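Participant: Just dropping this structure here.
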Amino acid sequence: MHPAPSVIAFTTLSGIGFGLLFWLGFDATPPKGMTAFIFFLIAFSLAVGGLISSTFHLGHPERAWRALTQWRTSWLSREGVCAIIALLVMGLYAAALIFLDSHLALLGWIGAILCMITVFTTSMIYAQLATIPRWNSNLTPALFLSLSLGGGALLSGRVTVALILLLIAGVVQLIWWKRGDTAFEDRGSTLGTATGLADRGTVRSMAHPHTAPNYLMREFIFVIGRKHALKLRIIALVLMIGLPVLCLILPFSHILAAVAVLSHLAGVAVSRWLFFAEAEHTVGLYYGMR
Amino acid sequence: MTDLPTQTTRKLGLVIDLDTCVGCHACVISCKGWNTENYGAPLSDQRPYGEEPMGTFLNRVHSYEVQPETGTAQTVHFPKSCLHCEKAPCVTVCPTGASYKRVEDGIVLVNEDSCIGCGLCAWACPYGAREMDQAEGVMKKCTLCVDRIYNENLPEEDRVPACVRTCPAGARHFGDLSDPDSEVSQLVENRGGFDLMPELGTAPVNKYLPPRPKDSWDDESLLAPFLEPVASEPTGFLGWLDKTLDKLPGGSA
Ligand code: SF4
Ligand code: SF4
Ligand code: SF4
């Protein structure tokens, strides 16, 4: 799949933003006043910034409101609806903390749960696609949720929780990669099943429909990045989990905390780039590529 | 709503004969022509005369080589457009309701006025049957020429999809696949029509007919005896002509 920067930015930033909102909502002793303002500003910028960047790849962003209508069948629609409700609830909760100095705990819990439901719906947009076996798994929501919770804990300064959750996210990431590497073969789709000619011999693509590439090839066949996949996986894991965990173990300092957060964000972005770049769509079969 | 109908009254679709398709791409061109001049946004081209020309097509013809374990390889031309799946995954993923499957005939369509161009439906289609138009930013796909097949302004024989009407080889058949007695259902029945990527559970309406077995080099043609030269040496007038011409300067043939 073509790794579109807007979509990578969206899933990376909004994932960690909603993760931070989750922990702020669940906090028994949340920050108040100015500190609350800064925390919520960061969280909302990440979550909303991510959502806005996801509209950049739309052909008609001015009609984006229509995407809220089909929640009965569409995970993308559900995501839009959940994100708006979660942001509204957390907005009220934040306003009460910042301006009224009051902690509406129940509202915070509801908002926190809605934030995680939003991350779950994001992950289901990808996990539902049978056409991309690497994504089409329960492990995809597990990956998105564990990274969101771990990143959010890190950003909100919860050292122990962040340590545990980041390590869990690292393990989920490793399992996700392991499963993903054989997912396409395991599904059994080949050029033979795609053309229905498998029982007559080995099918080989001899000529593409046109001499130049097309939208389908641009969108679904991306082979450049795979060459360095292993190196990039190591880089992702070190930045996303390794370095932040090390920073958390060392005695606390603001510099180390900043390094941990930035490193984690960069690592998640690399992992998301691979998420797309390594994903193989069944359309590739028709072009004799994957 | 992007809920799929549990059942459609008819199942209109195509049956494509891989045995007779000669890979001429006429169906590609007639499709592009009709769908640029009629229903919805025109099918745009990018850099049509420049480097790497690209464009939107609702029907594309691939060419494959099938190599059996023994014997010669076979070329199969393979036209591919939307299969109007009964369990169309492209419809249910659509967040706007722009994509829908019609109850009356099973045709899968995009309402371009509602489409936000998110591209998710193209991701959900296993067959590459949906293309985002780069000029209009909306999703384009085969409409089964919905603006021809019911069009009473057209002569009767033209009320079929443009690709079917144009195919010089008669490799494309259009009809109701829910009716077991229809010509298309009979073709599927008699020729062993099959689905593409059945393992994905999309239940395509369109079917493909397999190439027929080819004769081998060892087979003796029934017509071979009639192709023997009738006379090895010309006689009569032709014999005289042959000899005379041989005598002319330039030598004998
Ligand atoms: S072929 Fe693709 S676009 Fe057409 S109905 Fe099936 S899934 Fe949808
Ligand atoms: S591109 Fe258009 S038709 Fe396709 S899923 Fe998005 S809104 Fe629906
Ligand atoms: S017009 Fe007919 S013969 Fe030519 S490519 Fe299309 S289906 Fe094949």
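Here, A, B, ... name the chains of the structure tokens in the order displayed, residue numbers run from 1 inside each chain, and ligands are numbered from 1 in the same displayed order.
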Contacts from chain B to chain A, 6 Å maximum, only C-alpha atoms: show me the residue list as an NGL selection string.
Facilitator: :B and (52 or 54 or 60-68 or 92-96 or 116-118 or 124 or 126-128 or 137 or 196-197)
Participant: Report as a Markdown table: every residue of region 134-161 of chain A with an atom at most 7 Å from region 261-280 of chain A, its closest pair of atoms, and their distance in Å to one decimal, counting only C-alpha atoms, with rows sorted by chain and ascending residue number.
Facilitator:
```
| residue | atom | partner | partner_atom | distance |
| --- | --- | --- | --- | --- |
| A:Arg134 | CA | A:Ala279 | CA | 6.0 |
| A:Leu154 | CA | A:Val261 | CA | 6.8 |
| A:Leu155 | CA | A:Val261 | CA | 6.3 |
```
Participant: Give me a file of those residues, with N, CA, C and O atoms, as an mmCIF file, in the first residue's frame.
Facilitator:
```cif
data_model
loop_
_atom_site.group_PDB
_atom_site.id
_atom_site.type_symbol
_atom_site.label_atom_id
_atom_site.label_comp_id
_atom_site.auth_asym_id
_atom_site.auth_seq_id
_atom_site.Cartn_x
_atom_site.Cartn_y
_atom_site.Cartn_z
ATOM 1 N N ARG A 134 -2.394 -8.755 5.765
ATOM 2 C CA ARG A 134 -1.497 -8.344 6.835
ATOM 3 C C ARG A 134 -2.238 -7.529 7.902
ATOM 4 O O ARG A 134 -1.912 -7.584 9.070
ATOM 5 N N LEU A 154 3.005 7.573 28.693
ATOM 6 C CA LEU A 154 4.320 8.209 28.627
ATOM 7 C C LEU A 154 4.166 9.735 28.620
ATOM 8 O O LEU A 154 4.839 10.455 29.368
ATOM 9 N N LEU A 155 3.270 10.211 27.796
ATOM 10 C CA LEU A 155 3.081 11.650 27.653
ATOM 11 C C LEU A 155 2.517 12.271 28.926
ATOM 12 O O LEU A 155 2.806 13.426 29.254
#
```
Participant: Using DSSP on the backbone coordinates, identify the residues of region 47-232 of chain B assigned to alpha helix (DSSP H); present them as a VMD selection string.
Facilitator: chain B and resid 89 to 92 120 to 124 146 to 149 162 to 166 183 to 191
Participant: Could you write those residues out with N, CA, C and O atoms, as an mmCIF file, in the first residue's frame?
Facilitator:
```cif
data_model
loop_
_atom_site.group_PDB
_atom_site.id
_atom_site.type_symbol
_atom_site.label_atom_id
_atom_site.label_comp_id
_atom_site.auth_asym_id
_atom_site.auth_seq_id
_atom_site.Cartn_x
_atom_site.Cartn_y
_atom_site.Cartn_z
ATOM 1 N N PRO B 89 -17.919 -5.833 -0.546
ATOM 2 C CA PRO B 89 -17.270 -5.198 0.601
ATOM 3 C C PRO B 89 -17.058 -3.699 0.387
ATOM 4 O O PRO B 89 -16.968 -2.939 1.343
ATOM 5 N N CYS B 90 -17.034 -3.288 -0.887
ATOM 6 C CA CYS B 90 -16.826 -1.872 -1.198
ATOM 7 C C CYS B 90 -17.993 -1.021 -0.726
ATOM 8 O O CYS B 90 -17.831 0.165 -0.439
ATOM 9 N N VAL B 91 -19.176 -1.609 -0.639
ATOM 10 C CA VAL B 91 -20.369 -0.837 -0.269
ATOM 11 C C VAL B 91 -20.411 -0.590 1.236
ATOM 12 O O VAL B 91 -20.603 0.537 1.691
ATOM 13 N N THR B 92 -20.192 -1.657 2.003
ATOM 14 C CA THR B 92 -20.373 -1.518 3.457
ATOM 15 C C THR B 92 -19.314 -0.629 4.101
ATOM 16 O O THR B 92 -19.561 -0.059 5.159
ATOM 17 N N LEU B 120 -11.598 4.479 0.430
ATOM 18 C CA LEU B 120 -11.652 3.239 1.202
ATOM 19 C C LEU B 120 -12.334 2.106 0.431
ATOM 20 O O LEU B 120 -11.950 0.942 0.569
ATOM 21 N N CYS B 121 -13.328 2.448 -0.401
ATOM 22 C CA CYS B 121 -14.027 1.406 -1.152
ATOM 23 C C CYS B 121 -13.077 0.722 -2.135
ATOM 24 O O CYS B 121 -13.185 -0.481 -2.359
ATOM 25 N N ALA B 122 -12.136 1.500 -2.701
ATOM 26 C CA ALA B 122 -11.162 0.903 -3.624
ATOM 27 C C ALA B 122 -10.227 -0.029 -2.854
ATOM 28 O O ALA B 122 -9.807 -1.065 -3.372
ATOM 29 N N TRP B 123 -9.942 0.320 -1.604
ATOM 30 C CA TRP B 123 -9.117 -0.558 -0.767
ATOM 31 C C TRP B 123 -9.842 -1.866 -0.478
ATOM 32 O O TRP B 123 -9.235 -2.917 -0.350
ATOM 33 N N ALA B 124 -11.180 -1.767 -0.346
ATOM 34 C CA ALA B 124 -11.958 -2.943 0.056
ATOM 35 C C ALA B 124 -12.246 -3.871 -1.113
ATOM 36 O O ALA B 124 -12.608 -5.024 -0.905
ATOM 37 N N VAL B 146 -25.818 1.557 -16.777
ATOM 38 C CA VAL B 146 -27.188 1.699 -16.295
ATOM 39 C C VAL B 146 -27.952 2.729 -17.122
ATOM 40 O O VAL B 146 -29.186 2.703 -17.206
ATOM 41 N N ASP B 147 -27.202 3.635 -17.782
ATOM 42 C CA ASP B 147 -27.841 4.651 -18.613
ATOM 43 C C ASP B 147 -28.023 4.192 -20.062
ATOM 44 O O ASP B 147 -28.418 4.960 -20.914
ATOM 45 N N ARG B 148 -27.695 2.952 -20.366
ATOM 46 C CA ARG B 148 -27.982 2.375 -21.690
ATOM 47 C C ARG B 148 -29.062 1.298 -21.579
ATOM 48 O O ARG B 148 -29.996 1.260 -22.377
ATOM 49 N N ILE B 149 -28.882 0.415 -20.556
ATOM 50 C CA ILE B 149 -29.691 -0.806 -20.554
ATOM 51 C C ILE B 149 -31.183 -0.529 -20.344
ATOM 52 O O ILE B 149 -32.012 -1.331 -20.744
ATOM 53 N N ALA B 162 -21.942 -0.910 -23.106
ATOM 54 C CA ALA B 162 -21.169 -0.522 -24.289
ATOM 55 C C ALA B 162 -20.128 -1.574 -24.657
ATOM 56 O O ALA B 162 -19.891 -1.852 -25.833
ATOM 57 N N CYS B 163 -19.513 -2.193 -23.654
ATOM 58 C CA CYS B 163 -18.460 -3.181 -23.924
ATOM 59 C C CYS B 163 -19.025 -4.401 -24.632
ATOM 60 O O CYS B 163 -18.401 -4.978 -25.521
ATOM 61 N N VAL B 164 -20.243 -4.790 -24.220
ATOM 62 C CA VAL B 164 -20.881 -5.969 -24.805
ATOM 63 C C VAL B 164 -21.248 -5.673 -26.256
ATOM 64 O O VAL B 164 -21.034 -6.476 -27.159
ATOM 65 N N ARG B 165 -21.799 -4.460 -26.459
ATOM 66 C CA ARG B 165 -22.239 -4.059 -27.800
ATOM 67 C C ARG B 165 -21.060 -4.009 -28.754
ATOM 68 O O ARG B 165 -21.194 -4.292 -29.936
ATOM 69 N N THR B 166 -19.901 -3.653 -28.248
ATOM 70 C CA THR B 166 -18.770 -3.389 -29.139
ATOM 71 C C THR B 166 -17.891 -4.605 -29.397
ATOM 72 O O THR B 166 -17.195 -4.658 -30.398
ATOM 73 N N GLU B 183 -29.874 -16.723 -21.020
ATOM 74 C CA GLU B 183 -28.760 -17.124 -21.881
ATOM 75 C C GLU B 183 -27.449 -17.135 -21.094
ATOM 76 O O GLU B 183 -26.641 -18.061 -21.214
ATOM 77 N N VAL B 184 -27.253 -16.103 -20.250
ATOM 78 C CA VAL B 184 -25.994 -16.033 -19.497
ATOM 79 C C VAL B 184 -25.878 -17.167 -18.478
ATOM 80 O O VAL B 184 -24.819 -17.777 -18.332
ATOM 81 N N SER B 185 -26.985 -17.485 -17.794
ATOM 82 C CA SER B 185 -26.937 -18.576 -16.814
ATOM 83 C C SER B 185 -26.660 -19.897 -17.503
ATOM 84 O O SER B 185 -25.941 -20.753 -16.986
ATOM 85 N N GLN B 186 -27.245 -20.066 -18.698
ATOM 86 C CA GLN B 186 -27.019 -21.288 -19.451
ATOM 87 C C GLN B 186 -25.548 -21.424 -19.866
ATOM 88 O O GLN B 186 -24.967 -22.508 -19.776
ATOM 89 N N LEU B 187 -24.966 -20.292 -20.280
ATOM 90 C CA LEU B 187 -23.548 -20.307 -20.639
ATOM 91 C C LEU B 187 -22.690 -20.739 -19.447
ATOM 92 O O LEU B 187 -21.784 -21.565 -19.571
ATOM 93 N N VAL B 188 -22.998 -20.150 -18.281
ATOM 94 C CA VAL B 188 -22.234 -20.475 -17.074
ATOM 95 C C VAL B 188 -22.366 -21.961 -16.764
ATOM 96 O O VAL B 188 -21.388 -22.650 -16.470
ATOM 97 N N GLU B 189 -23.608 -22.444 -16.889
ATOM 98 C CA GLU B 189 -23.908 -23.841 -16.605
ATOM 99 C C GLU B 189 -23.143 -24.779 -17.560
ATOM 100 O O GLU B 189 -22.467 -25.709 -17.141
ATOM 101 N N ASN B 190 -23.239 -24.474 -18.858
ATOM 102 C CA ASN B 190 -22.684 -25.399 -19.846
ATOM 103 C C ASN B 190 -21.173 -25.327 -19.973
ATOM 104 O O ASN B 190 -20.534 -26.299 -20.344
ATOM 105 N N ARG B 191 -20.627 -24.157 -19.700
ATOM 106 C CA ARG B 191 -19.195 -24.000 -19.944
ATOM 107 C C ARG B 191 -18.377 -24.025 -18.657
ATOM 108 O O ARG B 191 -17.171 -23.798 -18.666
#
```
Participant: I'd like the contact shell of Ala171 (chain B) - 6 Å cut-off, only C-alpha atoms, skipping same-chain residues fewer than 6 positions apart - returned as number ranges by chain.
Facilitator: B: 16-17, 20-21
Participant: Which residues of chain B have any atom within 6 Å of an atom in ligand 1 when counting only C-alpha atoms and all ligand atoms, and what is the closest pair of atoms for each, with the distance in Å to one decimal? Order the rows by chain and rising number and write it as a Markdown table.
Facilitator:
```
| residue | atom | partner | partner_atom_place_in_ligand_line | distance |
| --- | --- | --- | --- | --- |
| B:Cys82 | CA | ligand 1 | 4 (Fe) | 3.7 |
| B:Leu83 | CA | ligand 1 | 1 (S) | 4.0 |
| B:His84 | CA | ligand 1 | 5 (S) | 3.8 |
| B:Cys85 | CA | ligand 1 | 5 (S) | 4.1 |
| B:Ala88 | CA | ligand 1 | 5 (S) | 4.6 |
| B:Pro89 | CA | ligand 1 | 7 (S) | 5.3 |
| B:Cys90 | CA | ligand 1 | 8 (Fe) | 4.5 |
| B:Val108 | CA | ligand 1 | 5 (S) | 5.8 |
| B:Cys125 | CA | ligand 1 | 7 (S) | 3.9 |
| B:Tyr127 | CA | ligand 1 | 2 (Fe) | 5.5 |
| B:Ala129 | CA | ligand 1 | 3 (S) | 4.9 |
| B:Arg130 | CA | ligand 1 | 3 (S) | 5.4 |
```
Participant: For those residues, write all heavy atoms to a file as a PDB file, in the first residue's frame.
Facilitator:
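Written out: result17.pdb:
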```
ATOM      1  N   CYS B  82     -15.935  -4.115 -12.745  1.00  0.00           N
ATOM      2  CA  CYS B  82     -16.651  -4.453 -11.505  1.00  0.00           C
ATOM      3  C   CYS B  82     -17.499  -5.698 -11.705  1.00  0.00           C
ATOM      4  O   CYS B  82     -18.170  -5.857 -12.713  1.00  0.00           O
ATOM      5  CB  CYS B  82     -17.542  -3.293 -11.068  1.00  0.00           C
ATOM      6  SG  CYS B  82     -18.627  -3.739  -9.694  1.00  0.00           S
ATOM      7  N   LEU B  83     -17.463  -6.595 -10.699  1.00  0.00           N
ATOM      8  CA  LEU B  83     -18.176  -7.863 -10.797  1.00  0.00           C
ATOM      9  C   LEU B  83     -19.551  -7.793 -10.129  1.00  0.00           C
ATOM     10  O   LEU B  83     -20.245  -8.788 -10.011  1.00  0.00           O
ATOM     11  CB  LEU B  83     -17.331  -8.979 -10.153  1.00  0.00           C
ATOM     12  CG  LEU B  83     -15.873  -9.054 -10.611  1.00  0.00           C
ATOM     13  CD1 LEU B  83     -15.078  -9.986  -9.718  1.00  0.00           C
ATOM     14  CD2 LEU B  83     -15.763  -9.511 -12.041  1.00  0.00           C
ATOM     15  N   HIS B  84     -19.916  -6.603  -9.647  1.00  0.00           N
ATOM     16  CA  HIS B  84     -21.214  -6.369  -9.000  1.00  0.00           C
ATOM     17  C   HIS B  84     -21.532  -7.425  -7.944  1.00  0.00           C
ATOM     18  O   HIS B  84     -22.626  -8.024  -7.936  1.00  0.00           O
ATOM     19  CB  HIS B  84     -22.314  -6.224 -10.060  1.00  0.00           C
ATOM     20  CG  HIS B  84     -22.061  -5.055 -10.958  1.00  0.00           C
ATOM     21  ND1 HIS B  84     -22.353  -3.767 -10.585  1.00  0.00           N
ATOM     22  CD2 HIS B  84     -21.425  -4.951 -12.155  1.00  0.00           C
ATOM     23  CE1 HIS B  84     -21.967  -2.936 -11.532  1.00  0.00           C
ATOM     24  NE2 HIS B  84     -21.378  -3.623 -12.491  1.00  0.00           N
ATOM     25  N   CYS B  85     -20.564  -7.623  -7.051  1.00  0.00           N
ATOM     26  CA  CYS B  85     -20.633  -8.673  -6.034  1.00  0.00           C
ATOM     27  C   CYS B  85     -21.914  -8.624  -5.196  1.00  0.00           C
ATOM     28  O   CYS B  85     -22.401  -7.552  -4.856  1.00  0.00           O
ATOM     29  CB  CYS B  85     -19.440  -8.546  -5.088  1.00  0.00           C
ATOM     30  SG  CYS B  85     -17.873  -8.533  -5.961  1.00  0.00           S
ATOM     31  N   ALA B  88     -20.825  -7.253  -1.620  1.00  0.00           N
ATOM     32  CA  ALA B  88     -19.841  -6.247  -2.026  1.00  0.00           C
ATOM     33  C   ALA B  88     -19.193  -5.560  -0.816  1.00  0.00           C
ATOM     34  O   ALA B  88     -19.866  -4.792  -0.126  1.00  0.00           O
ATOM     35  CB  ALA B  88     -20.519  -5.216  -2.910  1.00  0.00           C
ATOM     36  N   PRO B  89     -17.919  -5.833  -0.546  1.00  0.00           N
ATOM     37  CA  PRO B  89     -17.270  -5.198   0.601  1.00  0.00           C
ATOM     38  C   PRO B  89     -17.058  -3.699   0.387  1.00  0.00           C
ATOM     39  O   PRO B  89     -16.968  -2.939   1.343  1.00  0.00           O
ATOM     40  CB  PRO B  89     -15.923  -5.931   0.705  1.00  0.00           C
ATOM     41  CG  PRO B  89     -15.668  -6.479  -0.652  1.00  0.00           C
ATOM     42  CD  PRO B  89     -17.006  -6.736  -1.276  1.00  0.00           C
ATOM     43  N   CYS B  90     -17.034  -3.288  -0.887  1.00  0.00           N
ATOM     44  CA  CYS B  90     -16.826  -1.872  -1.198  1.00  0.00           C
ATOM     45  C   CYS B  90     -17.993  -1.021  -0.726  1.00  0.00           C
ATOM     46  O   CYS B  90     -17.831   0.165  -0.439  1.00  0.00           O
ATOM     47  CB  CYS B  90     -16.664  -1.716  -2.708  1.00  0.00           C
ATOM     48  SG  CYS B  90     -18.074  -2.415  -3.610  1.00  0.00           S
ATOM     49  N   VAL B 108     -24.074  -2.252  -8.583  1.00  0.00           N
ATOM     50  CA  VAL B 108     -23.373  -1.488  -7.553  1.00  0.00           C
ATOM     51  C   VAL B 108     -22.980  -0.138  -8.153  1.00  0.00           C
ATOM     52  O   VAL B 108     -22.316  -0.089  -9.193  1.00  0.00           O
ATOM     53  CB  VAL B 108     -22.127  -2.246  -7.055  1.00  0.00           C
ATOM     54  CG1 VAL B 108     -21.328  -1.400  -6.074  1.00  0.00           C
ATOM     55  CG2 VAL B 108     -22.535  -3.570  -6.404  1.00  0.00           C
ATOM     56  N   CYS B 125     -12.135  -3.384  -2.348  1.00  0.00           N
ATOM     57  CA  CYS B 125     -12.422  -4.224  -3.518  1.00  0.00           C
ATOM     58  C   CYS B 125     -11.203  -5.078  -3.848  1.00  0.00           C
ATOM     59  O   CYS B 125     -10.131  -4.550  -4.104  1.00  0.00           O
ATOM     60  CB  CYS B 125     -12.786  -3.375  -4.730  1.00  0.00           C
ATOM     61  SG  CYS B 125     -12.824  -4.346  -6.258  1.00  0.00           S
ATOM     62  N   TYR B 127     -10.600  -6.741  -6.443  1.00  0.00           N
ATOM     63  CA  TYR B 127     -10.347  -6.917  -7.864  1.00  0.00           C
ATOM     64  C   TYR B 127      -9.788  -5.682  -8.571  1.00  0.00           C
ATOM     65  O   TYR B 127      -9.544  -5.721  -9.765  1.00  0.00           O
ATOM     66  CB  TYR B 127     -11.649  -7.340  -8.552  1.00  0.00           C
ATOM     67  CG  TYR B 127     -12.304  -8.506  -7.865  1.00  0.00           C
ATOM     68  CD1 TYR B 127     -13.423  -8.330  -7.056  1.00  0.00           C
ATOM     69  CD2 TYR B 127     -11.769  -9.782  -7.980  1.00  0.00           C
ATOM     70  CE1 TYR B 127     -14.008  -9.401  -6.411  1.00  0.00           C
ATOM     71  CE2 TYR B 127     -12.349 -10.863  -7.333  1.00  0.00           C
ATOM     72  CZ  TYR B 127     -13.472 -10.662  -6.548  1.00  0.00           C
ATOM     73  OH  TYR B 127     -14.049 -11.719  -5.900  1.00  0.00           O
ATOM     74  N   ALA B 129     -11.458  -2.889  -9.090  1.00  0.00           N
ATOM     75  CA  ALA B 129     -12.515  -2.477 -10.011  1.00  0.00           C
ATOM     76  C   ALA B 129     -12.951  -1.032  -9.794  1.00  0.00           C
ATOM     77  O   ALA B 129     -13.825  -0.551 -10.487  1.00  0.00           O
ATOM     78  CB  ALA B 129     -13.720  -3.407  -9.859  1.00  0.00           C
ATOM     79  N   ARG B 130     -12.366  -0.365  -8.801  1.00  0.00           N
ATOM     80  CA  ARG B 130     -12.744   1.028  -8.540  1.00  0.00           C
ATOM     81  C   ARG B 130     -11.530   1.908  -8.706  1.00  0.00           C
ATOM     82  O   ARG B 130     -10.450   1.566  -8.228  1.00  0.00           O
ATOM     83  CB  ARG B 130     -13.273   1.174  -7.110  1.00  0.00           C
ATOM     84  CG  ARG B 130     -14.623   0.535  -6.928  1.00  0.00           C
ATOM     85  CD  ARG B 130     -15.063   0.649  -5.489  1.00  0.00           C
ATOM     86  NE  ARG B 130     -16.455   0.262  -5.385  1.00  0.00           N
ATOM     87  CZ  ARG B 130     -17.432   1.079  -4.985  1.00  0.00           C
ATOM     88  NH1 ARG B 130     -17.145   2.322  -4.624  1.00  0.00           N
ATOM     89  NH2 ARG B 130     -18.674   0.664  -4.944  1.00  0.00           N
TER      90      ARG B 130
END
```
Participant: Please identify the residues whose atoms come within 6 Å of ligand 3, using only C-alpha atoms and all ligand atoms, and report them as a list in words.
Facilitator: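 Residues satisfying the distance criterion: Cys21, Val22, Gly23, Cys24, His25, Ala26, Cys27, Pro79, Cys167, Pro168, Ala169, Ala171 and Arg172 of chain B.
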Participant: To test your reading of the structure, identify every residue in region 7-253 of chain B that backbone DSSP assigns to strand (DSSP E), and report it as number ranges by chain.
Facilitator: B: 12-17, 45-46, 54-55, 59-67, 74-81, 99-101, 108-110, 130-132, 139-141, 172-176, 207-209
Participant: So the first atom is CA of Ala169 (chain A) and the second is CA of Cys247 (chain A); what is the distance between them in Å, to one decimal place?
Facilitator: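 Value for the CA of Ala169 (chain A)-CA of Cys247 (chain A) distance: 16.7 Å.
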Participant: Smallest atom-to-atom distance to Gly193 (chain B): which of B:Val205, B:Gly119, B:Pro210, B:Asn151, using only C-alpha atoms?
Facilitator: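 Residue with the minimum atom-to-atom distance to Gly193 (chain B): B:Pro210.
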Participant: Calculated over only C-alpha atoms, which of the candidates B:Gln74, B:Ser81, B:Asn38, B:Thr8 has the smallest distance to Leu144 (chain B)?
Facilitator: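 Using only C-alpha atoms, the shortest distance to Leu144 (chain B) belongs to B:Ser81.
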Participant: Please measure the separation of CA of Asp45 (chain B) and CA of Glu131 (chain B), giving the value in Å to one decimal.
Facilitator: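 If I compute the distance from CA of Asp45 (chain B) to CA of Glu131 (chain B), I get 12.2 Å.
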